[in-house]
Structures are given as structure tokens and as C-alpha cells.
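Worksheet: the structure to be examined is printed underneath.
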Amino acid sequence: MASMGTHFKSNPKNFIVDSKNIAKGVNYRITVLSERLIRFEYSSDGEFYDGETELVHNRVFKTPKVNINQDDKFVVITTKYFMLQYAKEKPYKGPSFAPDSNLKVKLLNTDKIWYYGHPEARNFKGSAFSIEAFGDKTKLSNGLYSTDGFAVLDDSNSMLIDADGYMVPSKKRIDFYLFIYRRDFGLCLKDYFTLTGEPPLLPRYALGIWWNRDLIYNFDDIKKLIDEFKRHEIPLSVLLLSEFWHNKDKKDYNLYKTGYTFNKELFNDPKEFIDYVHEHNIRLGLNLDGNEGINNMNDGYLNMCDDLNIANGKVIPFRVLDKKFIDSYFFNLIYPLDKLGVDFYWLDSKDEIVTRVLNYYHYTDYRKNKNLRGMILSRNGGKAAHRYPVHYSGETKVGWDTLKYLPYFNSSSSNIGLSWWSHDVGGFKNGIEDSELYLRYVELATYSPIFRFSARRGAYYKREPWRWDLNTYNIVKEYCQLRHKLIPYLYTENYKYHKTYLPVIQPLYYYYPELIDEPHYKNEYYFGTELLVAPITKPKDKVMNRSVERIFLPKGIWYDFKTGKKFVGNKRYIAFYKDEDFPVFAKAGAIIPMAINTEDLNDTSTPKTLEIDIFPGNSNIYRLYEDDGISSKYENGEYIITGIDFNYTNDNYSLSIHPVEGKTGIIPDKRDYKIKFRNTREPSKVNVSIDKIGKDFKAYTLDNDFIIEINNVDTRRELNINCLGTDIEIDAVRIINEDIFGIISDLKIETLLKEIISSIIFSDMPINKKRIAIRKLATSGLNPIFIKMFIKLLEYIEEI
């Protein structure tokens with residue numbers, strides 16, 4: 001039997017800590033890893049573990065400034081963040097440290113004290129295995145973010161990684177880590193990723209649109225599906241095939257969920273099928289669930305029987321902790337699929353331990369054995385799960401309750417370092433198919449880490465945008481196209497998460513913790529460094545035909561990403577949104593790079609034409625990251641970082657685009673640029689140059705944006721744009737009267753009545769008199785439904 005070789009092995013030097021940072025007794029060991037991170041171990045037999053675990057990937061940190069003092073009775077350890085006290089003279093008789101007794105850590109410069117067994121009541125929670133079982137009642141594990149300024153990460157029950165890189169069960173032990181960071185949560189996350197491993201850099205295609213339906217597709221069906229996406233101008237980057245791609249019982253396709261060999265009746269030539277998918281710039285993921293074991297319908301079955309000494313005809317048990325099974329599993333089942341060109345696997349086990357083990361082996365093998373970026377889709381195993389993208393939240397229920405829960409769930413997952421959650425856009429099962437719900441799912445997915453359409457079998461689940469009414473279809477198409485346009489921005493934020501540990505999703509409560517208990521604002525989140533999202537997750541007011549949203553905007557100036565309207569921050573707003581609108585805000589000075597692909601909507605590679613949206617109000621620097629999008633060559637310097645520097649004053653915009661780091665040849669030598677200065681008047685003077693030599697350009701205004709188009713720009717040189725004028729930023733601040741005017745305009749009410757209503761609503765009379773005047777319009781024939789609506793509208797105005 002072939003061996004997996006050495007590509008699972010880690011470097012043992014990554015786990016040996018300097019003895020100067022350790023306080024050790026017969027049964028205990030306390031290790032200071034950083035000024036904010038302590039490891040505690042307690043062993044009844046006096047043996048301690050220094051190797052890798054499924055949670056811990058490294059224990060060698062930059063040498064902390066620490067002071068360790070001890071005598072026969074006490075250990076006292078101090079850094080600038082904490083003072084630890086351990087009373088040796090009161091050894092606990094049980095198999096661990098004493099609860100609330102002999103081990104305490106004080107957070108310096110606060111009144112907070114952590115003790116062994118602390119309940120951590122102020123922990124803001126983390127994530128979960130999936131959300132399919134309980135929906136919005138899912139029980140979340142603890143995260144690292146706490147208003148107490150400390151959190152515990154338990155490694156006691158983790159499996160170990162042996163010298164050959166295989167995962168093995170561990171003996172019972174006490175082994176946990178205390179993060180004690182006060183308010184420095186960013187440094188806490190840095191310590192966490194240093195300890196457990198950095199978040200990966202996703203393949204570029206993963207940031208596009210995914211498709212999965214629990215249907216029995218054949219090759220011709222897939223061709224028709226791809227043609228439909230193309231014909232309706234909906235981009236597609238990932239195709240997932242559920243369990244029906246592989247051999248099944250010919251009489252009952254619902255039998256045998258487990259399989260690893262293509263069904264030739266559906267895909268006569270699997271290689272031809274996969275090549276066809278790739279030719280259309282689509283990547284293929286296959287569903288794998290080994291729960292039933294390996295049967296004789298798999299091509300590698302006989303070889304596995306020989307490897308594992310199992311009699312021909314018997315089902316091979318799926319023993320993921322058996323080293324021989326793992327070796328045989330990869331060589332006989334997975335590598336033949338790799339050879340056909342399968343891009344990645346959807347590891348669909350509902351067993352948490354199996355999930356953790358398979359995530360480790362598949363991701364590690366993918367990355368180290370193939371020299372490609374690791375990529376899988378699976379549930380959250382719960383142990384350093386951020387190392388294994390992308391996470392599958394399970395078969396979620398169709399409904400507003402599920403949609404409402406998703407932003408909160410994504411945000412709380414950031415508390416344990418997770419960003420790449422993939423949810424069923426539209427919901428997977430049950431519920432009612434509703435166009436408004438579908439729209440809001442799509443809009444949220446556009447501004448989510450992963451965008452994956454999905455639903456179970458059934459003729460009446462409508463995930464295809466073209467199966468809805470024309471209005472719904474057009475809105476969904478617009479957002480799907482926008483998602484693919486945003487890939488340059490998303491990919492750069494992907495790189496920041498990988499390199500600097502800045503989560504792609506950051507909840508608003510990181511900066512405003514008091515908002516966590518306010519239901520109107522708890523779902524808001526930062527989407528990368530430039531955008532803020534306040535998602536719509538409830539049905540609209542049917543009479544008003546608007547979604548009424550309460551929004552809090554942080555300090556500073558903000559702009560509606562779609563319209564460019566200006567908002568003053570550190571304020572609460574009530575806003576009214578049509579079906580086609582979604583509350584996304586760009587910070588002052590925001591720089592959003594976007595792709596324009598006119599030839600192939602599915603193409604997610606580095607674009608020939610780049611649109612850059614520049615928002616006024618502040619100077620800013622953005623570093624656009626690009627590489628080949630799939631290989632590990634970036635680790636050897638094969639990438640390019642382009643600087644986009646915006647210098648703002650109200651009368652002078654200066655923009656510089658220039659390479660700052662990496663190698664040439666990664667992006668097109670020549671690139672077309674479409675620069676959109678948002679919320680900006682036409683300047684009196686515009687200069688465009690490349691390396692200080694004038695360059696031809698086209699300039700025009702569209703709505704409230706000033707746009708400059710420059711073609712054939714050498715990407716190895718510096719492009720400079722200067723816009724001069726008096727008050728070129730449009731300074732009009734968004735006011736609620738504009739929203740109300742639009743609402744009145746769209747209502748099916750006699751035009752003369754609209755004029756009367758408008759004169760009342762926009763008058764200077766007190767609110768109570770306005771209510772009386774509106775009610776009196778019943779005598780003029782105003783429907784009571786509309787009277788009730790306008791009274792409610794006046795309540796919203798009164799709140800402002």
C-alpha cells in the first residue's frame with residue numbers, strides 16, 4: 001500500500017518554548033506565550049505534551065516581556081497586561097487546578113479578575129457546527145471577544161498530530177489557553193492566529209457565485225444549466241454536485257449516499273464533462289459523505305480491500321482515525337478524482353469528529369501535495385476551523401427568521417476568527433417561496449463572504465433568477481453582476497484577512513459594544529475595510545411598498561454605496577428602501593476596486609478593465625492585491641500590490657495608481673481604467689498623466705458621479721489624476737423628505753390628494769396637528785389603509 005509520505009508533517013521546532021517563560025511543578029506547567037496569552041497544563045502523571053494538536057499549530061511567539069517569580073509557596077507571573085498568582089501550598093486533590101481558589105489572573109489597570117472555572121458571562125459567543133438543526137436557536141460556542149477582556153480556549157480534548165502528521169486520539173489531560181487582552185481584541189486575534197495557524201488565502205473563484213441544487217443532473221442538464229446562466233447574463237464561478245453524481249442503486253437513487261466514482265449513465269466521460277465546465281470558467285466541487293462506508297460500486301474498492309485486509313464484498317468501514325485507511329482512501333478514491341480535474345470536495349459529514357479529521361487531511365493534502373491553495377467546503381469542526389475554508393451552515397430552512405439570523409451568525413463567528421461562511425441563498429428546504437424574501441437573500445449574499453445558491457429537490461423551489469417575475473429577475477441579475485464586479489475588492493480583503501488577520505466581517509459592536517442588545521442595529525457589520533452593511537431581514541410595509549429600516553452609522557461621514565447620498569455619522573436614521581435598494585455605506589474616502597468583464601461574465605481572473613469608485617470626504621490609501629488566484633506561488637513572491645492613493649480636499653482631488661510591491665507579469669501589462677468620483681460635480685480642470693506625461697482620457701458626469709475613462713495604461717507605471725474646481729464635492733446631505741416624496745409619488749392615490757397630503761406632511765405645523773389633518777382626509781375619499789400608513793409615517797418622522 002502506498003504511503004502518504006511526509007507532506008502532513010509539521011516542524012517540531014514550532015512547539016518548543018523557551019524555558020525562561022515557563023513555571024513548572026510536578027503536576028502543573030504554566031507557559032507564557034505572549035504578553036496576552038498563557039498556556040495552563042495539569043497532569044496527574046507529570047507528563048506534558050509539546051507537539052502539535054488539531055487546535056494548536058505553533059507555540060513559538062516573539063519573546064514576551066515577562067517577569068516570573070516563585071518560591072515554595074507561590075508562583076507570580078507579570079506582564080504589562082496581567083498578574084498571575086498560583087498558590088502551590090494549596091495543591092488541589094482533584095485531577096486539575098482548584099476552581100476559584102489557587103489560580104487567579106488579574107487584568108492590570110482594571111478591576112477584572114479571571115479564575116479557574118470562570119463562567120465568562122460577558123463572552124459574545126463564537127460559532128457552531130451548523131445551523132440546520134436549530135435555526136436561530138442554534139447554541140453557539142464561546143468566542144474570544146468579551147467585554148471582560150479575557151477568554152479561555154480549551155485544548156484538553158483535542159486530538160494530537162503525531163510525528164508523521166497523522167491525527168490520533170489523546171489521553172485525558174488538562175490543557176487550555178487564557179487570552180487576557182483588556183480591550184486590545186485585534187492583538188488577541190493576532191495571538192490566536194499565531195497559535196492556531198493563519199487563515200488561508202481563498203482561491204479567487206470562491207468569491208464568485210456558486211450553484212447547488214439537490215437534483216439528479218446529467219451532462220446534458222449541466223450544459224443546459226450553464227447556457228441558461230449565460231443567456232440570462234447571470235455569472236457563475238462554482239458548480240457543486242450533490243450526492244447524485246456518483247454510482248447509486250439503479251432502482252432507487254435515494255440509496256447509497258456514499259460514493260466516490262462517477263455514474264457513467266449520467267456522465268459517460270467524466271473528464272470530458274469536467275473539461276467542459278472548466279472551459280466555461282466554472283470550478284467543480286463534489287459532495288462526499290463517507291458515513292455508509294465504501295462499497296463495491298467504487299472503482300478503488302478492491303485495492304482498498306487488499307490494503308486493509310478486508311474480504312471482497314464487505315463494506316469497508318469509514319475509519320478516519322486509522323492511518324492505513326486514510327492512506328488507502330486518498331490513493332484509491334480521492335487521487336483518481338483529482339486526476340480527472342475535480343477542483344475541490346464538499347465534505348458533507350454530520351459527525352463533528354469525522355468533519356474535523358477530514359478537514360485536516362483534505363485541506364493539508366490539497367495544499368502541500370498539489371502546490372495549490374487549499375480549498376474545501378464543510379461544516380465547522382470547531383478546532384481552529386478558520387484554517388479550513390469554506391464553511392457550510394447546513395440545510396437551512398426557507399424563511400425570514402433564518403435570513404434575520406445569518407448576519408448575526410456571521411458576525412459572531414468573527415469572534416473565533418471565522419470569516420468564510422457559506423449559506424443557502426434563498427434557504428434550502430421547507431418554507432414558502434416568496435419573491436421579496438428571495439431578493440433580500442440575494443442582496444445579503446452580495447455583501448457576504450460566500451454567495452451560494454442552493455435548494456433541495458422539488459419542482460417548486462425557485463433558485464434560478466429567471467424563474468421569477470421580470471422585476472425580481474432584473475434586480476437579482478443586477479446584484480449577481482455586482483457580486484462579480486466586487487471580486488477585486490473582496491480578494492484584497494481576503495488577502496488582508498490572511499496576512500494581517502483582519503476578519504472580512506466585523507460586527508459593529510467591536511466599536512460600539514452597547515449596541516449588541518439593540519435589535520435594530522445588532523445585525524450591522526463592516527464588510528472589509530471600506531464598507532458598512534445594515535442588512536434588510538424583514539418584510540416590507542406592503543402599503544408603503546418600502547422596507548422601513550432603523551440604521552446606526554458610526555462616527556464620520558458615510559455615503560450610500562449605490563446612490564452616493566451623504567450621511568453624517570454617529571447618528572441613528574430611519575430610511576425607506578425599495579426592493580432594488582439595500583443599505584450599504586462607504587466610509588469617507590473609501591476606495592472600491594471593481595472588475596468589468598464584458599467578454600465572459602464567469603471570468604474571475606485579474607481583469608483587463610478596472611473600475612475604481614472613489615468616495616470624497618477624506619484622504620485614503622488602498623492596496624489592491626492580485627495574483628494568479630489559485631496556486632501557492634504567491635508564497636514565493638509571485639503577486640502584485642497596486643497602490644491607489646487618494647488625496648482629498650473639497651477643491652482638489654488627486655489620485656495616484658502605481659505598483660508598490662511584488663512582480664510584474666501577474667496582471668495585464670495594459671489596463672483600462674474607469675475612475676468614478678462619487679457624489680462629485682464636474683471639475684473645472686482635469687489633468688491625467690502617466691509618469692508625468694499627459695495621457696488622453698474621456699470625462700463625463702452621470703447622475704451624481706464624475707467619471708474618467710483612460711485606456712491602455714501601462715500597469716508598470718504611475719497613473720496620476722488631478723481634479724480641480726470650487727466645491728466639487730456635492731455637499732447635499734440625505735434628508736428624509738426625499739424618501740417621503742418618493743413614497744407619496746408611488747402610491748395609487750388620486751394626484752390631487754397627493755398634493756394635499758404633501759402640503760400637510762411637509763408643512764411646519766406640529767406633528768399632532770398633521771395627524772388630525774391626515775385623518776380628516778377620510779372625507780375627501782382617502783382610503784383608511786393609507787390614512788393608517790401616513791399616521792405611521794409621521795411616527796417615524798417624530799423619532800428622528
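In the C-alpha cells, chains take letters A, B, ... by order of appearance, with residues numbered from 1 within each chain and ligands from 1 in the order shown.
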Long-range neighbours of Ile735 (chain A) as a list in words, 10 Å cut-off, only C-alpha atoms, 4 positions minimum in chain: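 Listing them by chain and then by number gives Lys565, Lys566, Phe567, Tyr573, Ala575, Asp739 and Ile740 of chain A.
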Close residues, Pro519 (chain A) itself excluded, 12 Å, only C-alpha atoms, min 3 positions apart in chain, as a list in words: Lys404, Tyr405, Tyr408, Glu514, Leu515, Ile516, Lys522, Asn523, Glu524, Ala534, Thr537, Glu549, Arg550, Ile551 and Phe552 of chain A
Straight-line distance linking CA of Lys271 (chain A) with CA of Tyr345 (chain A), stated in Å to one decimal: 16.3 Å
Have a look at A:Leu624, A:Met297, A:Ala384, A:Ile772 and name the one nearest to Ser127 (chain A); count only C-alpha atoms. A:Ala384
Which distance in Å separates CA of Gly662 (chain A) and CA of Arg367 (chain A), to one decimal?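 According to the coordinates, CA of Gly662 (chain A) and CA of Arg367 (chain A) are separated by 21.9 Å.
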Distance query Leu240 (chain A) at most 7 Å, only C-alpha atoms, self and fewer than 3 positions along chain excluded, as a list in words: Trp211, Asn212, Leu284, Gly285 and Leu286 of chain A
Hey, what's within 7 Å of Asp175 (chain A) if we count only C-alpha atoms and toss same-chain stuff fewer than 4 positions away? As a list of chain:residue names, please?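 Listed by chain and then number, they are A:Phe40, A:Glu41, A:Tyr42, A:Asp154, A:Asp155, A:Ser156.
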Please produce, as JSON lines, a per-residue contact table for region 423-525 of chain A versus region 607-617 of chain A (criterion: any atom at most 12 Å away, only C-alpha atoms considered), showing the nearest atom pair and its distance in Å to one decimal, sorted by chain then residue number.
{"residue": "A:Leu482", "atom": "CA", "partner": "A:Glu611", "partner_atom": "CA", "distance": 11.8}
{"residue": "A:His484", "atom": "CA", "partner": "A:Pro607", "partner_atom": "CA", "distance": 11.0}
{"residue": "A:Lys485", "atom": "CA", "partner": "A:Glu611", "partner_atom": "CA", "distance": 8.6}
{"residue": "A:Leu486", "atom": "CA", "partner": "A:Glu611", "partner_atom": "CA", "distance": 9.7}
{"residue": "A:Ile487", "atom": "CA", "partner": "A:Pro607", "partner_atom": "CA", "distance": 9.8}
{"residue": "A:Pro488", "atom": "CA", "partner": "A:Pro607", "partner_atom": "CA", "distance": 8.4}
{"residue": "A:Tyr489", "atom": "CA", "partner": "A:Ile612", "partner_atom": "CA", "distance": 9.7}
Preceding selection exported with all heavy atoms as a short mmCIF file (atom, residue, chain, number, x, y, z; two decimals), in the first residue's frame:
data_model
loop_
_atom_site.label_atom_id
_atom_site.label_comp_id
_atom_site.auth_asym_id
_atom_site.auth_seq_id
_atom_site.Cartn_x
_atom_site.Cartn_y
_atom_site.Cartn_z
N LEU A 482 -23.13 42.58 -9.79
CA LEU A 482 -22.37 43.40 -8.86
C LEU A 482 -21.43 42.54 -8.01
O LEU A 482 -20.28 42.94 -7.75
CB LEU A 482 -23.32 44.18 -7.96
CG LEU A 482 -22.68 44.99 -6.81
CD1 LEU A 482 -21.70 46.03 -7.35
CD2 LEU A 482 -23.75 45.66 -5.96
N HIS A 484 -19.86 39.82 -8.81
CA HIS A 484 -18.65 39.51 -9.57
C HIS A 484 -17.81 40.75 -9.83
O HIS A 484 -16.58 40.67 -9.89
CB HIS A 484 -19.02 38.80 -10.87
CG HIS A 484 -19.08 37.31 -10.72
ND1 HIS A 484 -18.38 36.44 -11.51
CD2 HIS A 484 -19.75 36.54 -9.84
CE1 HIS A 484 -18.62 35.19 -11.13
NE2 HIS A 484 -19.45 35.23 -10.12
N LYS A 485 -18.45 41.91 -9.95
CA LYS A 485 -17.69 43.14 -10.08
C LYS A 485 -16.85 43.40 -8.83
O LYS A 485 -15.74 43.93 -8.91
CB LYS A 485 -18.63 44.33 -10.31
CG LYS A 485 -19.15 44.48 -11.73
CD LYS A 485 -19.92 45.79 -11.89
CE LYS A 485 -19.03 47.00 -11.78
NZ LYS A 485 -19.75 48.28 -12.02
N LEU A 486 -17.37 43.03 -7.68
CA LEU A 486 -16.71 43.31 -6.41
C LEU A 486 -15.53 42.39 -6.11
O LEU A 486 -14.84 42.59 -5.09
CB LEU A 486 -17.71 43.21 -5.26
CG LEU A 486 -18.68 44.39 -5.08
CD1 LEU A 486 -19.80 44.01 -4.12
CD2 LEU A 486 -17.94 45.61 -4.57
N ILE A 487 -15.26 41.41 -6.96
CA ILE A 487 -14.22 40.42 -6.64
C ILE A 487 -12.85 41.06 -6.39
O ILE A 487 -12.14 40.64 -5.46
CB ILE A 487 -14.18 39.31 -7.71
CG1 ILE A 487 -15.39 38.39 -7.53
CG2 ILE A 487 -12.88 38.51 -7.62
CD1 ILE A 487 -15.53 37.30 -8.57
N PRO A 488 -12.39 42.05 -7.15
CA PRO A 488 -11.09 42.67 -6.80
C PRO A 488 -11.05 43.21 -5.37
O PRO A 488 -10.03 43.08 -4.68
CB PRO A 488 -10.95 43.79 -7.84
CG PRO A 488 -11.73 43.30 -9.01
CD PRO A 488 -12.91 42.58 -8.42
N TYR A 489 -12.14 43.83 -4.95
CA TYR A 489 -12.22 44.32 -3.57
C TYR A 489 -12.24 43.16 -2.58
O TYR A 489 -11.48 43.14 -1.60
CB TYR A 489 -13.48 45.19 -3.40
CG TYR A 489 -13.76 45.60 -1.97
CD1 TYR A 489 -12.94 46.54 -1.33
CD2 TYR A 489 -14.82 45.06 -1.26
CE1 TYR A 489 -13.20 46.93 -0.02
CE2 TYR A 489 -15.09 45.46 0.05
CZ TYR A 489 -14.27 46.39 0.66
OH TYR A 489 -14.53 46.76 1.96
#
Could you pull out the residues in region 229-390 of chain A that DSSP calls alpha helix (DSSP H) from the backbone, as a ChimeraX atom specification? /A:229-231,270-279,301-308,323-329,335-340,352-369
Can you work out the spacing between CA of Thr715 (chain A) and CA of Ile690 (chain A) in Å, to one decimal?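 That distance, rounded to one decimal, is 9.9 Å.
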In region 335-415 of chain A, DSSP strand (DSSP E) residues written as a ChimeraX atom specification: /A:344-347,376-378,391-392
Of the candidates A:Asp162, A:Ser146, A:Asp424, A:Arg173, which one gets nearest to Ser44 (chain A) if we count only C-alpha atoms?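 Of all the options, A:Arg173 lies closest to Ser44 (chain A).
Closest approach to Lys674 (chain A) from the set A:Gly643, A:Pro503, A:Met375, A:Val713 is made by A:Val713, with distances taken over only C-alpha atoms.
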Per residue of region 255-334 of chain A within 9 Å of region 241-244 of chain A, what are the shortest atom pair and its distance in Å to one decimal, counting only C-alpha atoms, with rows by chain and residue number, as JSON lines?
{"residue": "A:Tyr256", "atom": "CA", "partner": "A:Glu243", "partner_atom": "CA", "distance": 8.8}
{"residue": "A:Lys257", "atom": "CA", "partner": "A:Glu243", "partner_atom": "CA", "distance": 6.0}
{"residue": "A:Thr258", "atom": "CA", "partner": "A:Glu243", "partner_atom": "CA", "distance": 7.5}
{"residue": "A:Gly259", "atom": "CA", "partner": "A:Glu243", "partner_atom": "CA", "distance": 7.7}
{"residue": "A:Asn263", "atom": "CA", "partner": "A:Phe244", "partner_atom": "CA", "distance": 8.1}
{"residue": "A:Leu284", "atom": "CA", "partner": "A:Leu241", "partner_atom": "CA", "distance": 7.7}
{"residue": "A:Gly285", "atom": "CA", "partner": "A:Leu241", "partner_atom": "CA", "distance": 6.4}
{"residue": "A:Leu286", "atom": "CA", "partner": "A:Leu241", "partner_atom": "CA", "distance": 5.2}
{"residue": "A:Asn287", "atom": "CA", "partner": "A:Ser242", "partner_atom": "CA", "distance": 5.0}
{"residue": "A:Leu288", "atom": "CA", "partner": "A:Glu243", "partner_atom": "CA", "distance": 7.1}
{"residue": "A:Asp289", "atom": "CA", "partner": "A:Glu243", "partner_atom": "CA", "distance": 8.1}
Closest of A:Thr63, A:Thr147, A:Thr355, A:Thr492 to Ile591 (chain A) - atom-to-atom distances counting only C-alpha atoms: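 Smallest separation from Ile591 (chain A) among the options: A:Thr492.
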Measuring atom to atom with only C-alpha atoms, identify which of A:Tyr673, A:Phe344, A:Tyr526, A:Tyr460 is nearest to Arg373 (chain A). A:Phe344
With only C-alpha atoms as the basis for distance, which of A:Leu601, A:Leu84, A:Ile505, A:Ile475 is at the shortest distance from Leu236 (chain A)? A:Leu601
Write out as an NGL selection string which residues come within 12 Å of region 324-333 of chain A when counting only C-alpha atoms, dropping same-chain ones fewer than 5 positions away. :A and (1-6 or 8 or 165-167 or 246 or 258-262 or 288 or 290 or 293-295 or 297-310 or 316-319 or 338-340 or 354 or 357-358 or 360-362 or 365-366 or 369)
Residue subset to file, keeping C-alpha atoms, as a tab-separated table (two decimals), in the first residue's frame:
chain	number	residue	atom	x	y	z
A	1	MET	CA	0.00	0.00	0.00
A	2	ALA	CA	1.28	3.46	-0.91
A	3	SER	CA	2.14	5.82	1.93
A	4	MET	CA	1.06	9.45	2.13
A	5	GLY	CA	4.69	10.43	2.53
A	6	THR	CA	5.81	13.40	4.60
A	8	PHE	CA	1.41	16.11	6.59
A	165	GLY	CA	1.45	14.14	10.65
A	166	TYR	CA	-1.46	11.80	11.35
A	167	MET	CA	-4.29	12.68	13.70
A	246	HIS	CA	-21.70	9.02	-8.17
A	258	THR	CA	-21.69	7.45	-0.01
A	259	GLY	CA	-19.81	7.19	-3.30
A	260	TYR	CA	-16.52	8.13	-4.98
A	261	THR	CA	-16.94	7.00	-8.62
A	262	PHE	CA	-18.78	8.93	-11.35
A	288	LEU	CA	-18.57	13.42	-0.35
A	290	GLY	CA	-18.41	8.53	3.85
A	293	GLY	CA	-18.56	3.14	4.32
A	294	ILE	CA	-17.02	2.15	0.98
A	295	ASN	CA	-18.95	-0.40	-1.10
A	297	MET	CA	-19.66	0.29	-6.56
A	298	ASN	CA	-16.46	2.34	-6.20
A	299	ASP	CA	-13.58	1.79	-8.62
A	300	GLY	CA	-10.99	1.79	-5.85
A	301	TYR	CA	-12.86	-0.73	-3.70
A	302	LEU	CA	-10.79	-3.85	-4.50
A	303	ASN	CA	-7.49	-2.05	-3.93
A	304	MET	CA	-8.77	-0.82	-0.59
A	305	CYS	CA	-9.80	-4.35	0.38
A	306	ASP	CA	-6.25	-5.51	-0.35
A	307	ASP	CA	-4.73	-2.58	1.56
A	308	LEU	CA	-6.91	-3.10	4.63
A	309	ASN	CA	-7.23	-6.93	4.58
A	310	ILE	CA	-11.00	-6.81	4.12
A	316	ILE	CA	-15.24	-1.04	4.21
A	317	PRO	CA	-15.86	0.89	7.45
A	318	PHE	CA	-15.10	4.60	7.27
A	319	ARG	CA	-12.43	4.71	9.98
A	338	ASP	CA	-8.10	14.81	-8.62
A	339	LYS	CA	-6.61	13.42	-11.82
A	340	LEU	CA	-9.90	13.97	-13.63
A	354	VAL	CA	-15.21	12.96	11.25
A	357	VAL	CA	-10.38	14.82	10.76
A	358	LEU	CA	-11.37	15.03	7.09
A	360	TYR	CA	-7.42	18.39	8.31
A	361	TYR	CA	-6.41	15.68	5.84
A	362	HIS	CA	-8.15	17.06	2.75
A	365	ASP	CA	-3.15	17.24	1.22
A	366	TYR	CA	-4.59	19.77	-1.23
A	369	ASN	CA	0.71	17.69	-2.18
Just want the 8 Å neighbourhood of region 775-788 of chain A, counted on only C-alpha atoms, with same-chain residues fewer than 3 positions away dropped. Output as a PyMOL selection string. chain A and resi 543+749+753+771-772+791-792
Those residues with N, CA, C and O atoms, as a PDB file, in the first residue's frame please?
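Below is the file that was written, again-v3.pdb:
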ATOM      1  N   VAL A 543     -48.246  48.423   2.239  1.00  0.00           N
ATOM      2  CA  VAL A 543     -48.958  49.602   1.746  1.00  0.00           C
ATOM      3  C   VAL A 543     -47.969  50.647   1.239  1.00  0.00           C
ATOM      4  O   VAL A 543     -48.116  51.211   0.154  1.00  0.00           O
ATOM      5  N   ILE A 749     -52.943  56.725  -5.395  1.00  0.00           N
ATOM      6  CA  ILE A 749     -53.871  57.687  -4.810  1.00  0.00           C
ATOM      7  C   ILE A 749     -54.106  58.772  -5.857  1.00  0.00           C
ATOM      8  O   ILE A 749     -53.206  59.087  -6.657  1.00  0.00           O
ATOM      9  N   LEU A 753     -55.151  64.459  -4.364  1.00  0.00           N
ATOM     10  CA  LEU A 753     -54.996  64.094  -2.947  1.00  0.00           C
ATOM     11  C   LEU A 753     -53.523  64.062  -2.552  1.00  0.00           C
ATOM     12  O   LEU A 753     -53.159  64.428  -1.428  1.00  0.00           O
ATOM     13  N   ARG A 771     -51.382  64.881  12.169  1.00  0.00           N
ATOM     14  CA  ARG A 771     -52.171  63.655  12.298  1.00  0.00           C
ATOM     15  C   ARG A 771     -53.665  63.970  12.117  1.00  0.00           C
ATOM     16  O   ARG A 771     -54.390  63.238  11.428  1.00  0.00           O
ATOM     17  N   ILE A 772     -54.104  65.038  12.770  1.00  0.00           N
ATOM     18  CA  ILE A 772     -55.523  65.410  12.672  1.00  0.00           C
ATOM     19  C   ILE A 772     -55.891  65.721  11.220  1.00  0.00           C
ATOM     20  O   ILE A 772     -56.932  65.278  10.704  1.00  0.00           O
ATOM     21  N   ILE A 791     -50.159  58.014   9.189  1.00  0.00           N
ATOM     22  CA  ILE A 791     -50.016  58.225  10.634  1.00  0.00           C
ATOM     23  C   ILE A 791     -48.747  57.527  11.129  1.00  0.00           C
ATOM     24  O   ILE A 791     -47.985  58.071  11.937  1.00  0.00           O
ATOM     25  N   LYS A 792     -48.526  56.319  10.610  1.00  0.00           N
ATOM     26  CA  LYS A 792     -47.306  55.586  10.975  1.00  0.00           C
ATOM     27  C   LYS A 792     -46.068  56.324  10.471  1.00  0.00           C
ATOM     28  O   LYS A 792     -45.049  56.424  11.170  1.00  0.00           O
TER      29      LYS A 792
END
